[in-house]
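Only one structure is covered here, and it is reproduced in the block below.
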Amino acid sequence: LSHRLLQSGLAGLKTLLLNVSSAVTRDVLITFSPTAGPSRLNTTDKGKTGKIHLPREIFRSLSSQTVRVVVTVLNIQQLGMFKEVNQTAQVLDNTVVGITVGESSISGLQDPVQLTFTHEELPQGVTPQCVFWDPSKGRAGGWGSSGCVTQPGDKRTVCSCDHLTFFTLLLNPALDGSTAKALMAVATAGCAVAMAFSIFTMAFCIFLRWGVPAAPFRFEETVRINLGLHVNLVGSLFLLNLAFLLNTGLSGRTHPMTCRVLGGVTHYCLLCCFTWTALEGCQLYLLFVKVLGIYIPRYLAKLSLLGWGFPVLVVGVAGVIGTYGEYSIQTTDQQVIAHLCWITSKHLLVHYITNCGYFGLVFLFNVAVFGVVTQKSCSLQGTGAVQGYHKPWKVALVAAGLFCLLGATWALAFLTYGISSTPVLYLFTILNSLQGIFIFIWLIVLYYPKTKQATGSLSYIIRHDKNTTASQD
């Protein structure tokens with residue numbers, strides 16, 4: 001590859017060719033820079049350029065008297081090469097360093113090759129990792145770290161590798177071991193709390209729908225459908241938290257077939273949450289935009305068929321192609337934090353399509369619905385219709401609960417890439433763990449009848465909007 005690059009004369013490529021005797025009695029030192037390229041060691045460049053240390057072992061193992069050492073410095077931004085599929089890490093200075101000695105492949109060195117990459121002080125939350133380009137990884141090749149050891153420093157990172165190829169320093173927005181373990185502990189505890197409040201919320205909705213004979217909205221079909229939707233959404237959250245707890249407790253010690261089944265169940269529960277979130281948004285749209293002339297026979301039953309049935313099709317297709325299995329969460333230094341039964345790393349495209357892409361569409365739709373609902377509520381507030389919600393804190397609480405109901409906390413997952421990923425991950429983990437509590441409080445404030453005069457519930461807003469629309473017509 002290096003020889004083909006040399007012949008092409010592409011911009012962004014700098015090379016140094018050295019003829020070194022195989023009987024060399026000392027190590028070979030070379031400096032390199034993204035701007036100046038590689039050169040022989042110059043003491044004046046100390047601290048400004050990177051270094052390459054080639055041990056004597058490389059040359060003594062060669063039979064020829066003189067070998068050619070080729071050191072190539074590539075600017076991959078200009079060349080458009082060495083790009084891994086779905087890569088989230090950044091390449092330091094967009095620089096890749098290639099090293100070849102002679103015509104044969106060199107690997108398994110006892111005395112490793114050392115590359116010293118110089119850089120500014122790295123931002124907090126970024127972890128450097130020494131990698132090499134492995135053409136056999138994936139379909140188009142990818143970065144690997146086998147045989148390389150990373151020694152990070154304040155303004156330089158030393159990479160020690162037991163073979164020769166193309167190397168670089170990746171800046172990963174990855175977690176250190178202590179942070180990852182803390183996040184797992186928070187997520188596990190949060191799931192237990194969320195399951196408890198999910199049970200409280202489902203019991204409260206069932207109590208309002210069937211167990212309160214004096215409730216002023218007991219026989220209103222709109223509110224009955226709303227409560228049924230809430231029960232299904234919270235039920236899917238309960239199953240997702242339960243699946244996660246089973247996953248963290250059983251994975252790593254289960255049979256591969258059991259792990260595949262558990263991974264499929266976890267994926268199914270997640271898709272159910274997203275689907276019921278979308279259905280909540282559809283219901284709000286119908287109530288606030290299409291307020292007249294809506295009657296669908298067995299409406300809730302049809303929604304249930306869609307909410308619980310559509311994910312079955314997605315998971316079924318994913319299971320047929322062997323998507324599920326053991327997935328390891330690990331830091332950049334290859335420390336395994338947890339084993340999960342989930343979508344395997346070979347099928348991450350399925351994750352990006354069925355999880356990220358699907359939820360992205362759901363969230364965009366729900367944001368639009370939230371805007372419509374907020375505009376309607378503000379207009380009714382201006383007319384004095386919603387007197388029960390004149391207090392600012394109550395308005396803010398209802399708006400926050402509604403936004404949570406429409407899946408806003410899940411959207412934080414799109415912000416967990418980059419140098420600020422650690423605090424966002426903490427926020428994402430905590431808020432999703434508290435999602436069941438938010439919905440429970442929201443339902444208490446919104447639906448619980450306090451007095452006959454306190455009719456500022458969602459049903460009252462809808463009824464008033466219907467009356468207003470009808471009078472205008």
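Identifiers for the structure tokens are assigned positionally: chains receive A, B, ... in sequence, residues are indexed from 1 per chain, and ligands are indexed from 1 in the order shown.
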Just the strand (DSSP E or B) stuff from range 103-195 of chain A, please, per backbone DSSP, written as a VMD selection string. chain A and resid 107 113 to 118 127 to 134 142 to 144 148 to 152 156 to 161 163 166 to 172
Taking the DSSP assignment computed from this structure's backbone, write out as a PyMOL selection string all residues of range 194-331 of chain A that belong to alpha helix (DSSP H). chain A and resi 194-210+221-250+256-288+299-320
What gap, in Å, lies between CA of Ala301 in chain A and CA of Glu221 in chain A? 13.6 Å
So what do you get for CA of Cys404 in chain A versus CA of Leu246 in chain A, distance-wise?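 Those two atoms sit 25.1 Å apart.
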May I ask which of the residues A:Phe370, A:Leu183, A:Pro152, A:Thr100 is the closest one to Val126 in chain A, counting only C-alpha atoms? A:Pro152
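With distances restricted to only C-alpha atoms, A:Gln435 is the closest residue to Val193 in chain A from A:Thr15, A:Ile329, A:Thr277, A:Gln435.
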Which residue gives the smallest distance to Lys302 in chain A among A:Cys378, A:Ala36, A:His267, A:Ile225, with only C-alpha atoms counted? A:Ile225
Close residues, Val70 in chain A itself excluded, 9 Å, only C-alpha atoms, min 3 positions apart in chain, as a PyMOL selection string: chain A and resi 2-3+15-19+98-102
Option closest in space to Ala278 in chain A, from A:Leu122, A:Ala408, A:Leu62, A:Ile430 [counting only C-alpha atoms]: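 Comparing A:Leu122, A:Ala408, A:Leu62, A:Ile430 against Ala278 in chain A, the winner is A:Ala408.
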List the spatial neighbours of Thr116 in chain A as a ChimeraX atom specification - criterion: any atom at most 6 Å away, only C-alpha atoms, same-chain residues fewer than 6 positions off excluded. /A:50-51,157-158
What lies within 8 Å of Leu300 in chain A using only C-alpha atoms, ignoring chain neighbours under 3 positions off, as a short mmCIF file (atom, residue, chain, number, x, y, z; two decimals) with all heavy atoms, in the first residue's frame?
data_model
loop_
_atom_site.label_atom_id
_atom_site.label_comp_id
_atom_site.auth_asym_id
_atom_site.auth_seq_id
_atom_site.Cartn_x
_atom_site.Cartn_y
_atom_site.Cartn_z
N ILE A 225 -59.48 6.53 26.86
CA ILE A 225 -58.46 6.15 25.88
C ILE A 225 -57.09 6.67 26.31
O ILE A 225 -56.08 5.98 26.21
CB ILE A 225 -58.84 6.69 24.48
CG1 ILE A 225 -60.07 5.96 23.96
CG2 ILE A 225 -57.67 6.52 23.50
CD1 ILE A 225 -60.60 6.51 22.65
N GLY A 228 -55.76 4.51 29.00
CA GLY A 228 -55.32 3.24 28.43
C GLY A 228 -53.97 3.36 27.74
O GLY A 228 -53.11 2.47 27.84
N LEU A 229 -53.75 4.47 27.01
CA LEU A 229 -52.46 4.71 26.38
C LEU A 229 -51.35 4.84 27.41
O LEU A 229 -50.26 4.28 27.26
CB LEU A 229 -52.52 5.98 25.53
CG LEU A 229 -53.09 5.86 24.13
CD1 LEU A 229 -53.34 7.24 23.53
CD2 LEU A 229 -52.15 5.07 23.23
N LEU A 303 -54.82 0.32 18.60
CA LEU A 303 -53.55 0.90 19.00
C LEU A 303 -52.67 -0.14 19.70
O LEU A 303 -51.45 -0.17 19.51
CB LEU A 303 -53.78 2.10 19.92
CG LEU A 303 -54.38 3.36 19.30
CD1 LEU A 303 -54.51 4.45 20.36
CD2 LEU A 303 -53.55 3.87 18.13
N SER A 304 -53.29 -0.97 20.52
CA SER A 304 -52.54 -2.01 21.23
C SER A 304 -51.93 -3.00 20.25
O SER A 304 -50.79 -3.45 20.43
CB SER A 304 -53.44 -2.73 22.23
OG SER A 304 -53.94 -1.83 23.20
#
Separation of CA of Pro135 in chain A from CA of Pro55 in chain A, in Å and rounded to one decimal: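 Interatomic distance, CA of Pro135 in chain A to CA of Pro55 in chain A: 25.1 Å.
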Top pick for closest residue to Gln87 in chain A, considering A:Phe32, A:Phe132, A:Trp410, A:Trp143 and counting only C-alpha atoms: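 Once distances to Gln87 in chain A are computed over only C-alpha atoms, the minimum belongs to A:Trp143.
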Would you list the contacts of range 343-349 of chain A as JSON, numbers by chain, taking every protein, DNA or RNA residue within 7 Å and counting only C-alpha atoms, but skipping same-chain residues closer than 3 positions in sequence? {"A": [263, 323, 324, 325, 326, 327, 352, 353]}
